[in-house]
file model_32.cif (mmCIF, C-alpha atoms)
data_entry
#
loop_
_atom_site.label_atom_id
_atom_site.label_comp_id
_atom_site.auth_asym_id
_atom_site.auth_seq_id
_atom_site.Cartn_x
_atom_site.Cartn_y
_atom_site.Cartn_z
CA MET L 21 71.00 -69.89 17.80
CA ILE L 22 69.70 -66.47 16.64
CA LYS L 23 72.42 -64.16 15.24
CA THR L 24 71.75 -60.42 15.37
CA ASN L 25 73.50 -57.23 16.48
CA LEU L 26 70.21 -55.72 17.56
CA THR L 27 68.91 -55.97 21.11
CA ILE L 28 65.91 -58.29 21.41
CA TYR L 29 63.06 -57.08 23.64
CA LEU L 30 60.30 -59.23 25.07
CA ALA L 31 57.48 -56.73 25.58
CA SER L 32 55.51 -58.77 28.11
CA LYS L 33 55.04 -58.81 31.86
CA SER L 34 54.54 -62.60 31.91
CA PRO L 35 57.22 -64.37 33.97
CA ARG L 36 56.37 -67.59 32.06
CA ARG L 37 57.23 -66.06 28.67
CA LYS L 38 60.52 -64.77 30.07
CA LYS L 39 61.37 -68.24 31.36
CA LEU L 40 60.51 -69.88 28.02
CA LEU L 41 62.80 -67.59 26.03
CA GLU L 42 65.56 -68.16 28.58
CA GLN L 43 65.06 -71.90 28.09
CA VAL L 44 66.06 -71.60 24.40
CA ASN L 45 69.13 -69.55 25.40
CA LEU L 46 67.98 -66.32 23.79
CA THR L 47 69.64 -63.11 25.00
CA PHE L 48 66.95 -60.46 25.50
CA LYS L 49 65.63 -57.68 27.70
CA VAL L 50 62.18 -57.51 29.25
CA LEU L 51 60.05 -54.45 28.54
CA PRO L 52 56.88 -54.36 30.64
CA VAL L 53 54.16 -52.75 28.48
CA GLU L 54 50.65 -52.00 29.65
CA THR L 55 47.80 -52.34 27.12
CA PRO L 56 44.13 -52.99 27.80
CA GLU L 57 43.04 -56.46 26.57
CA ILE L 58 39.57 -55.84 25.22
CA PHE L 59 37.54 -58.58 23.55
CA ARG L 60 35.17 -57.30 20.82
CA LYS L 61 31.83 -58.97 20.36
CA GLY L 62 31.80 -61.47 17.49
CA GLU L 63 35.53 -61.19 16.78
CA ARG L 64 37.11 -64.56 15.99
CA PRO L 65 39.70 -65.85 18.53
CA VAL L 66 42.55 -65.86 15.95
CA ASN L 67 41.78 -62.21 15.17
CA VAL L 68 41.58 -61.30 18.86
CA VAL L 69 45.05 -62.61 19.73
CA ARG L 70 46.69 -61.20 16.60
CA ARG L 71 45.06 -57.79 17.14
CA ILE L 72 46.09 -57.61 20.80
CA ALA L 73 49.66 -58.78 19.98
CA LEU L 74 49.86 -55.95 17.41
CA GLU L 75 48.43 -53.43 19.89
CA LYS L 76 51.11 -54.48 22.36
CA LEU L 77 53.71 -54.10 19.61
CA ASN L 78 52.53 -50.57 18.81
CA ALA L 79 52.77 -49.65 22.50
CA ALA L 80 56.30 -51.12 22.66
CA LYS L 81 57.41 -49.26 19.50
CA GLU L 82 56.58 -45.99 21.29
CA ILE L 83 59.36 -46.81 23.76
CA ILE L 84 61.86 -48.87 21.73
CA LYS L 85 63.13 -47.23 18.58
CA GLU L 86 65.91 -49.66 17.81
CA GLY L 87 65.83 -53.40 18.26
CA ILE L 88 63.77 -56.51 17.75
CA ILE L 89 60.50 -56.60 19.66
CA ILE L 90 58.45 -59.68 20.57
CA THR L 91 54.90 -59.41 21.94
CA ALA L 92 52.25 -62.05 22.61
CA ASP L 93 48.72 -62.56 23.86
CA THR L 94 47.11 -65.79 25.08
CA ILE L 95 43.41 -66.60 25.43
CA VAL L 96 41.41 -69.73 26.27
CA VAL L 97 38.30 -70.62 24.27
CA ILE L 98 35.66 -73.11 25.39
CA ASN L 99 32.41 -73.78 23.53
CA GLY L 100 33.20 -70.81 21.30
CA LYS L 101 33.49 -68.42 24.25
CA ILE L 102 36.66 -66.60 25.24
CA ILE L 103 37.69 -66.81 28.88
CA GLY L 104 40.34 -64.43 30.07
CA LYS L 105 41.93 -64.18 33.52
CA PRO L 106 39.69 -64.87 36.55
CA LEU L 107 38.57 -61.87 38.59
CA ASP L 108 39.01 -63.64 41.94
CA LYS L 109 39.18 -67.11 43.53
CA HIS L 110 35.44 -67.57 43.15
CA ASP L 111 35.71 -66.81 39.43
CA ALA L 112 38.68 -69.22 39.12
CA VAL L 113 36.52 -72.03 40.60
CA ARG L 114 33.77 -71.24 38.08
CA MET L 115 36.25 -71.38 35.15
CA LEU L 116 37.89 -74.62 36.30
CA LYS L 117 34.47 -76.28 36.64
CA LYS L 118 33.84 -75.37 33.00
CA LEU L 119 37.17 -76.85 31.88
CA SER L 120 36.73 -80.07 33.94
CA GLY L 121 36.15 -83.11 31.72
CA ASN L 122 36.20 -80.98 28.55
CA THR L 123 38.49 -79.95 25.70
CA HIS L 124 39.27 -76.27 25.22
CA ILE L 125 41.51 -74.36 22.83
CA VAL L 126 44.44 -72.13 23.75
CA TYR L 127 45.34 -69.39 21.25
CA THR L 128 48.51 -67.34 21.42
CA GLY L 129 48.99 -64.50 18.97
CA PHE L 130 52.45 -62.98 18.63
CA SER L 131 54.18 -60.14 16.78
CA VAL L 132 57.86 -59.88 15.95
CA HIS L 133 59.26 -56.58 14.68
CA ASN L 134 62.70 -55.55 13.45
CA SER L 135 63.33 -51.78 13.58
CA HIS L 136 66.28 -52.08 11.19
CA ASN L 137 64.43 -53.49 8.17
CA GLN L 138 60.99 -52.38 9.46
CA LYS L 139 59.62 -55.91 8.99
CA THR L 140 56.76 -57.05 11.21
CA ILE L 141 55.43 -60.60 11.29
CA THR L 142 52.24 -61.43 13.21
CA ASP L 143 51.13 -65.03 13.58
CA TYR L 144 49.39 -67.35 16.04
CA GLU L 145 49.33 -70.91 17.30
CA LYS L 146 46.44 -72.97 18.60
CA THR L 147 46.53 -76.02 20.88
CA TYR L 148 43.73 -78.31 22.07
CA VAL L 149 43.85 -79.15 25.79
CA THR L 150 41.76 -81.88 27.41
CA PHE L 151 41.14 -81.82 31.16
CA ARG L 152 40.22 -84.96 33.06
CA LYS L 153 37.12 -84.77 35.27
CA LEU L 154 38.11 -82.80 38.39
CA ASN L 155 36.46 -83.08 41.78
CA SER L 156 35.39 -79.96 43.64
CA ASN L 157 38.02 -80.48 46.38
CA GLU L 158 40.88 -80.32 43.87
CA ILE L 159 39.36 -77.28 42.20
CA LYS L 160 38.96 -75.46 45.52
CA ALA L 161 42.46 -76.43 46.70
CA TYR L 162 44.01 -75.17 43.45
CA ALA L 163 42.04 -71.89 43.53
CA GLU L 164 43.20 -71.40 47.14
CA THR L 165 46.87 -71.47 46.06
CA GLY L 166 46.22 -68.19 44.20
CA SER L 167 48.15 -69.56 41.25
CA PRO L 168 45.19 -69.49 38.80
CA LEU L 169 44.61 -65.76 39.30
CA ASP L 170 46.98 -64.29 36.72
CA ARG L 171 46.38 -66.94 34.06
CA ALA L 172 43.99 -66.99 31.12
CA GLY L 173 41.57 -69.85 31.81
CA ALA L 174 42.57 -69.99 35.51
CA TYR L 175 45.32 -72.62 35.20
CA GLY L 176 48.99 -73.09 34.40
CA ILE L 177 49.83 -76.33 32.57
CA GLN L 178 53.21 -76.33 34.30
CA ASP L 179 51.72 -75.80 37.81
CA ASP L 180 51.61 -78.50 40.48
CA TYR L 181 47.86 -78.96 40.11
CA GLY L 182 47.69 -77.91 36.45
CA ALA L 183 50.07 -80.69 35.44
CA VAL L 184 47.89 -83.43 36.92
CA PHE L 185 44.60 -81.92 35.66
CA ILE L 186 45.52 -82.34 32.00
CA LYS L 187 44.84 -85.63 30.25
CA LYS L 188 46.23 -84.73 26.84
CA ILE L 189 47.08 -81.90 24.51
CA ASN L 190 47.10 -81.69 20.73
CA GLY L 191 49.49 -79.10 19.34
CA CYS L 192 52.38 -77.06 20.75
CA TYR L 193 52.90 -77.47 24.52
CA TYR L 194 54.76 -74.19 24.96
CA ASN L 195 51.85 -72.35 23.39
CA VAL L 196 49.79 -73.41 26.43
CA VAL L 197 52.50 -72.08 28.76
CA GLY L 198 52.27 -68.73 26.92
CA LEU L 199 54.58 -68.64 23.90
CA PRO L 200 54.76 -71.10 20.96
CA LEU L 201 58.55 -71.51 21.06
CA ASN L 202 59.00 -73.33 17.76
CA LYS L 203 56.93 -70.84 15.73
CA VAL L 204 58.38 -67.75 17.47
CA PHE L 205 61.89 -69.09 16.93
CA GLN L 206 61.27 -69.74 13.23
CA THR L 207 59.79 -66.25 12.89
CA LEU L 208 62.85 -64.69 14.54
CA LEU L 209 65.09 -66.53 12.06
CA ARG L 210 63.07 -65.02 9.19
CA ILE L 211 63.20 -61.48 10.55
CA VAL L 212 66.80 -60.95 11.76
CA MET J 13 47.77 -84.01 47.36
CA ILE J 14 48.61 -87.68 48.08
CA LYS J 15 47.95 -88.75 51.67
CA THR J 16 49.95 -91.70 53.01
CA ASN J 17 52.07 -92.63 56.03
CA LEU J 18 54.37 -94.72 53.87
CA THR J 19 57.56 -93.37 52.35
CA ILE J 20 57.31 -92.97 48.57
CA TYR J 21 60.36 -94.07 46.55
CA LEU J 22 61.11 -93.12 42.98
CA ALA J 23 63.29 -96.00 41.78
CA SER J 24 64.88 -94.19 38.85
CA LYS J 25 68.18 -92.48 38.11
CA SER J 26 66.54 -89.97 35.75
CA PRO J 27 66.94 -86.39 36.99
CA ARG J 28 63.95 -85.42 34.79
CA ARG J 29 61.60 -87.83 36.58
CA LYS J 30 62.76 -86.49 39.93
CA LYS J 31 62.06 -82.93 38.79
CA LEU J 32 58.59 -83.85 37.51
CA LEU J 33 57.52 -85.42 40.80
CA GLU J 34 58.90 -82.41 42.68
CA GLN J 35 56.80 -80.21 40.39
CA VAL J 36 53.58 -81.79 41.71
CA ASN J 37 54.82 -81.30 45.30
CA LEU J 38 55.16 -85.01 46.08
CA THR J 39 57.40 -85.92 49.03
CA PHE J 40 59.61 -88.85 48.02
CA LYS J 41 63.06 -90.38 48.11
CA VAL J 42 65.15 -91.36 45.11
CA LEU J 43 66.40 -94.94 44.90
CA PRO J 44 68.85 -95.45 42.04
CA VAL J 45 68.29 -98.98 40.71
CA GLU J 46 70.32 -100.57 37.95
CA THR J 47 68.57 -102.97 35.55
CA PRO J 48 69.56 -103.90 32.03
CA GLU J 49 67.10 -102.55 29.44
CA ILE J 50 66.90 -105.33 26.88
CA PHE J 51 64.57 -105.17 23.88
CA ARG J 52 63.29 -108.59 22.74
CA LYS J 53 62.74 -109.20 19.04
CA GLY J 54 59.10 -108.86 18.00
CA GLU J 55 57.91 -107.65 21.42
CA ARG J 56 55.32 -104.85 21.13
CA PRO J 57 56.38 -101.41 22.49
CA VAL J 58 53.61 -101.36 25.15
CA ASN J 59 54.82 -104.74 26.39
CA VAL J 60 58.46 -103.64 26.38
CA VAL J 61 57.91 -100.62 28.60
CA ARG J 62 55.56 -102.43 31.00
CA ARG J 63 57.95 -105.38 31.29
CA ILE J 64 60.98 -103.17 31.97
CA ALA J 65 59.03 -101.05 34.49
CA LEU J 66 58.11 -104.31 36.31
CA GLU J 67 61.71 -105.55 36.17
CA LYS J 68 62.82 -102.27 37.73
CA LEU J 69 60.12 -102.71 40.38
CA ASN J 70 61.33 -106.21 41.23
CA ALA J 71 64.89 -104.90 41.58
CA ALA J 72 63.65 -102.08 43.85
CA LYS J 73 61.59 -104.48 46.00
CA GLU J 74 64.85 -106.35 46.81
CA ILE J 75 66.03 -103.19 48.57
CA ILE J 76 62.83 -101.52 49.83
CA LYS J 77 60.65 -103.71 52.04
CA GLU J 78 58.30 -101.01 53.24
CA GLY J 79 56.93 -98.13 51.24
CA ILE J 80 55.42 -97.11 47.93
CA ILE J 81 57.67 -97.64 44.92
CA ILE J 82 57.40 -95.94 41.54
CA THR J 83 59.40 -97.13 38.51
CA ALA J 84 59.25 -96.13 34.85
CA ASP J 85 60.77 -96.82 31.46
CA THR J 86 60.60 -94.64 28.33
CA ILE J 87 61.24 -95.63 24.71
CA VAL J 88 60.88 -93.91 21.35
CA VAL J 89 59.34 -95.75 18.39
CA ILE J 90 59.64 -94.62 14.77
CA ASN J 91 58.35 -96.64 11.80
CA GLY J 92 57.69 -99.53 14.17
CA LYS J 93 61.29 -99.62 15.38
CA ILE J 94 62.40 -98.92 18.94
CA ILE J 95 65.21 -96.46 19.39
CA GLY J 96 66.87 -96.31 22.76
CA LYS J 97 69.64 -93.99 23.96
CA PRO J 98 72.36 -93.04 21.44
CA LEU J 99 75.75 -94.71 21.83
CA ASP J 100 77.69 -91.51 21.03
CA LYS J 101 77.38 -88.12 19.28
CA HIS J 102 77.56 -89.75 15.86
CA ASP J 103 74.68 -92.06 16.79
CA ALA J 104 72.70 -89.07 18.16
CA VAL J 105 73.04 -87.31 14.76
CA ARG J 106 71.79 -90.46 13.00
CA MET J 107 68.75 -90.67 15.30
CA LEU J 108 67.87 -86.97 14.99
CA LYS J 109 68.02 -87.24 11.18
CA LYS J 110 65.46 -90.03 11.41
CA LEU J 111 63.15 -87.95 13.63
CA SER J 112 63.47 -84.81 11.45
CA GLY J 113 60.24 -84.00 9.58
CA ASN J 114 58.53 -87.11 10.98
CA THR J 115 56.12 -88.20 13.70
CA HIS J 116 57.31 -90.73 16.28
CA ILE J 117 55.72 -92.24 19.37
CA VAL J 118 56.99 -91.99 22.95
CA TYR J 119 55.96 -94.80 25.31
CA THR J 120 56.45 -94.70 29.05
CA GLY J 121 55.59 -97.74 31.11
CA PHE J 122 55.34 -97.38 34.88
CA SER J 123 54.75 -99.54 37.95
CA VAL J 124 53.44 -98.39 41.31
CA HIS J 125 53.64 -100.76 44.29
CA ASN J 126 52.38 -100.49 47.87
CA SER J 127 54.16 -102.84 50.32
CA HIS J 128 51.38 -102.45 52.88
CA ASN J 129 48.47 -103.84 50.83
CA GLN J 130 50.79 -105.61 48.34
CA LYS J 131 48.99 -103.95 45.41
CA THR J 132 50.93 -103.36 42.20
CA ILE J 133 49.58 -101.39 39.24
CA THR J 134 51.46 -101.33 35.94
CA ASP J 135 50.30 -99.08 33.14
CA TYR J 136 51.65 -97.00 30.25
CA GLU J 137 51.07 -93.82 28.30
CA LYS J 138 51.78 -93.04 24.66
CA THR J 139 52.28 -89.65 23.01
CA TYR J 140 52.75 -88.73 19.35
CA VAL J 141 55.53 -86.20 18.71
CA THR J 142 56.04 -84.39 15.40
CA PHE J 143 59.41 -82.83 14.59
CA ARG J 144 59.73 -80.05 12.03
CA LYS J 145 62.31 -80.54 9.28
CA LEU J 146 65.73 -79.91 10.87
CA ASN J 147 68.83 -78.78 9.01
CA SER J 148 72.13 -80.60 9.52
CA ASN J 149 73.73 -77.60 11.28
CA GLU J 150 71.09 -77.61 14.02
CA ILE J 151 71.39 -81.38 14.40
CA LYS J 152 75.17 -81.20 14.71
CA ALA J 153 75.05 -78.23 17.12
CA TYR J 154 72.56 -80.05 19.35
CA ALA J 155 74.56 -83.30 19.32
CA GLU J 156 77.66 -81.28 20.26
CA THR J 157 75.99 -80.05 23.46
CA GLY J 158 76.09 -83.65 24.72
CA SER J 159 72.53 -83.25 25.93
CA PRO J 160 71.03 -85.95 23.63
CA LEU J 161 73.33 -88.66 24.98
CA ASP J 162 71.35 -89.91 27.99
CA ARG J 163 67.93 -89.61 26.35
CA ALA J 164 65.84 -92.20 24.52
CA GLY J 165 65.55 -90.93 20.94
CA ALA J 166 68.46 -88.50 21.42
CA TYR J 167 66.42 -85.45 22.46
CA GLY J 168 64.80 -83.77 25.45
CA ILE J 169 61.53 -81.96 24.70
CA GLN J 170 62.36 -79.47 27.46
CA ASP J 171 65.92 -78.80 26.14
CA ASP J 172 66.94 -75.54 24.46
CA TYR J 173 67.14 -77.16 21.04
CA GLY J 174 64.54 -79.87 21.73
CA ALA J 175 61.89 -77.26 22.46
CA VAL J 176 62.27 -75.57 19.07
CA PHE J 177 62.55 -78.85 17.11
CA ILE J 178 59.03 -79.97 18.01
CA LYS J 179 56.11 -78.80 15.92
CA LYS J 180 53.34 -80.51 17.85
CA ILE J 181 52.51 -83.33 20.21
CA ASN J 182 49.35 -85.37 20.64
CA GLY J 183 48.93 -86.81 24.13
CA CYS J 184 50.53 -86.21 27.52
CA TYR J 185 53.46 -83.75 27.44
CA TYR J 186 55.04 -85.01 30.67
CA ASN J 187 55.13 -88.51 29.21
CA VAL J 188 57.64 -87.18 26.67
CA VAL J 189 59.74 -85.68 29.47
CA GLY J 190 59.79 -89.14 31.10
CA LEU J 191 56.79 -89.63 33.40
CA PRO J 192 53.07 -89.26 32.56
CA LEU J 193 52.23 -87.11 35.59
CA ASN J 194 48.43 -87.25 35.34
CA LYS J 195 48.27 -91.05 34.98
CA VAL J 196 50.93 -91.72 37.65
CA PHE J 197 49.16 -89.35 40.03
CA GLN J 198 45.78 -91.05 39.47
CA THR J 199 47.43 -94.44 39.99
CA LEU J 200 48.99 -93.26 43.27
CA LEU J 201 45.55 -92.13 44.47
CA ARG J 202 44.18 -95.62 43.74
CA ILE J 203 46.99 -97.45 45.53
CA VAL J 204 47.56 -95.51 48.78
#
call {"tool": "encode", "arguments": {"input": "model_32.cif", "output": "structure tokens"}}
result
Amino acid sequence: MIKTNLTIYLASKSPRRKKLLEQVNLTFKVLPVETPEIFRKGERPVNVVRRIALEKLNAAKEIIKEGIIITADTIVVINGKIIGKPLDKHDAVRMLKKLSGNTHIVYTGFSVHNSHNQKTITDYEKTYVTFRKLNSNEIKAYAETGSPLDRAGAYGIQDDYGAVFIKKINGCYYNVVGLPLNKVFQTLLRIV
Amino acid sequence: MIKTNLTIYLASKSPRRKKLLEQVNLTFKVLPVETPEIFRKGERPVNVVRRIALEKLNAAKEIIKEGIIITADTIVVINGKIIGKPLDKHDAVRMLKKLSGNTHIVYTGFSVHNSHNQKTITDYEKTYVTFRKLNSNEIKAYAETGSPLDRAGAYGIQDDYGAVFIKKINGCYYNVVGLPLNKVFQTLLRIV
């Protein structure tokens, strides 16, 4: 669906993002970049995810001199506070208790860069996610699977437990998985 | 997550519903039942999907005398009109043109029955889905894949094209795939 002679790189270590881009039949290579994800005090969530996506892009541009680069960063915000990835199972339980019975917001910032025309577009998507009330047994059982550990907010919407924890969402579903497919796709069309 | 000594049957030929129940690690058998899906003039969408789910349940109960049976039926409603599965590629194009740039509603009715205590629960879920404006090339290309043909409304939200056609949803995502996982799971917990 995207026509380009350039190689497309997904500069992300997230296996979910890789799977999502495969789902829309995009041909691309994965470039694992390492950048610290630091939250600055008082910085608005939309600015956080766009800044980190750009920082990841700058790191990727050090390695890739020719091609199209995609980067992304996802955070979860509840009651105005950013929650990142849990430190351990205990921390995952704490996060899930916060999400239980409440609505939180998932932000994903992304950057798309074309080395040929030197264009860079940075944008974001936000989705509201409402959890049903969870009981402590379900929370513990889910934390025990280890699955929440590498996820912002300590859950995966596409997980076995994650799927049955969520009552409703408002916005882009794929944004909650880790990459807003529709918006990223439209951005790629504009940049190639 | 569901504890029962009874065999659970999914009485549906939909490969998507099978995949969804596998995703939440449910152990079950598939029972392909055949029932005509007839829409009655003036019948409200919520009544249509609940009635058809019950009709499928009655057909399944003829075959399965012991166990837990799950049935479901999904329809798409736009401007108050029900659209079912497209008749052919031409019909799929017509449906997708209607959905383009608009919001429609996906209804899934489902029935869960336990032969042991003779309990039956029938319920439904509804989700609003907003398509971005599609161009006729994308519509044609998607119809050509053949993928829209066995889907109510002529699209699959989890398809390659489907995923990038959708701007936002409001409600349960899995309902749009074909089975509202959270609600079905909660219903199973109540009935076992």
call {"tool": "closest_atom_pairs", "arguments": {"input": "model_32.cif", "of": "chain J", "to": "chain L", "cutoff": "6 Å", "atoms": "only C-alpha atoms", "output": "CSV"}}
result
residue,atom,partner,partner_atom,distance
J:Gln35,CA,L:Asp180,CA,5.5
J:Val36,CA,L:Asp180,CA,4.0
J:Asp172,CA,L:Val44,CA,4.0
J:Val176,CA,L:Asn202,CA,4.2
J:Lys180,CA,L:Gly191,CA,4.4
J:Ile181,CA,L:Gly191,CA,5.3
J:Asn182,CA,L:Asn190,CA,4.3
J:Gly183,CA,L:Lys188,CA,4.4
J:Cys184,CA,L:Lys188,CA,4.6
J:Leu193,CA,L:Val184,CA,5.8
J:Asn194,CA,L:Val184,CA,4.2
call {"tool": "resolve_selection", "arguments": {"input": "model_32.cif", "expression": "the PyMOL selection byres ((chain L and resi 84-92) around 6)", "output": "ChimeraX atom specification"}}
result
/L:26-31,73,77,81,83,93,129-135
call {"tool": "write_last_selection", "arguments": {"input": "model_32.cif", "atoms": "C-alpha atoms", "output": "mmCIF file, in the coordinates of the input"}}
result
data_model
loop_
_atom_site.group_PDB
_atom_site.id
_atom_site.type_symbol
_atom_site.label_atom_id
_atom_site.label_comp_id
_atom_site.auth_asym_id
_atom_site.auth_seq_id
_atom_site.Cartn_x
_atom_site.Cartn_y
_atom_site.Cartn_z
ATOM 1 C CA LEU L 26 70.210 -55.720 17.560
ATOM 2 C CA THR L 27 68.910 -55.970 21.110
ATOM 3 C CA ILE L 28 65.910 -58.290 21.410
ATOM 4 C CA TYR L 29 63.060 -57.080 23.640
ATOM 5 C CA LEU L 30 60.300 -59.230 25.070
ATOM 6 C CA ALA L 31 57.480 -56.730 25.580
ATOM 7 C CA ALA L 73 49.660 -58.780 19.980
ATOM 8 C CA LEU L 77 53.710 -54.100 19.610
ATOM 9 C CA LYS L 81 57.410 -49.260 19.500
ATOM 10 C CA ILE L 83 59.360 -46.810 23.760
ATOM 11 C CA ASP L 93 48.720 -62.560 23.860
ATOM 12 C CA GLY L 129 48.990 -64.500 18.970
ATOM 13 C CA PHE L 130 52.450 -62.980 18.630
ATOM 14 C CA SER L 131 54.180 -60.140 16.780
ATOM 15 C CA VAL L 132 57.860 -59.880 15.950
ATOM 16 C CA HIS L 133 59.260 -56.580 14.680
ATOM 17 C CA ASN L 134 62.700 -55.550 13.450
ATOM 18 C CA SER L 135 63.330 -51.780 13.580
#
call {"tool": "atom_distance", "arguments": {"input": "model_32.cif", "atom1": "atom CA of L:Lys153", "atom2": "atom CA of L:Leu169"}}
result
20.8 Å
call {"tool": "residues_around", "arguments": {"input": "model_32.cif", "residues": "stretch 88-99 of chain J", "least_positions_apart": "3", "cutoff": "12 Å", "atoms": "all atoms listed in the file", "output": "NGL selection string"}}
result
:J and (49-58 or 60-61 or 85 or 102-121 or 138-143 or 155 or 158-168 or 187-190)
call {"tool": "atom_distance", "arguments": {"input": "model_32.cif", "atom1": "atom CA of L:Tyr162", "atom2": "atom CA of J:Val204"}}
result
21.3 Å
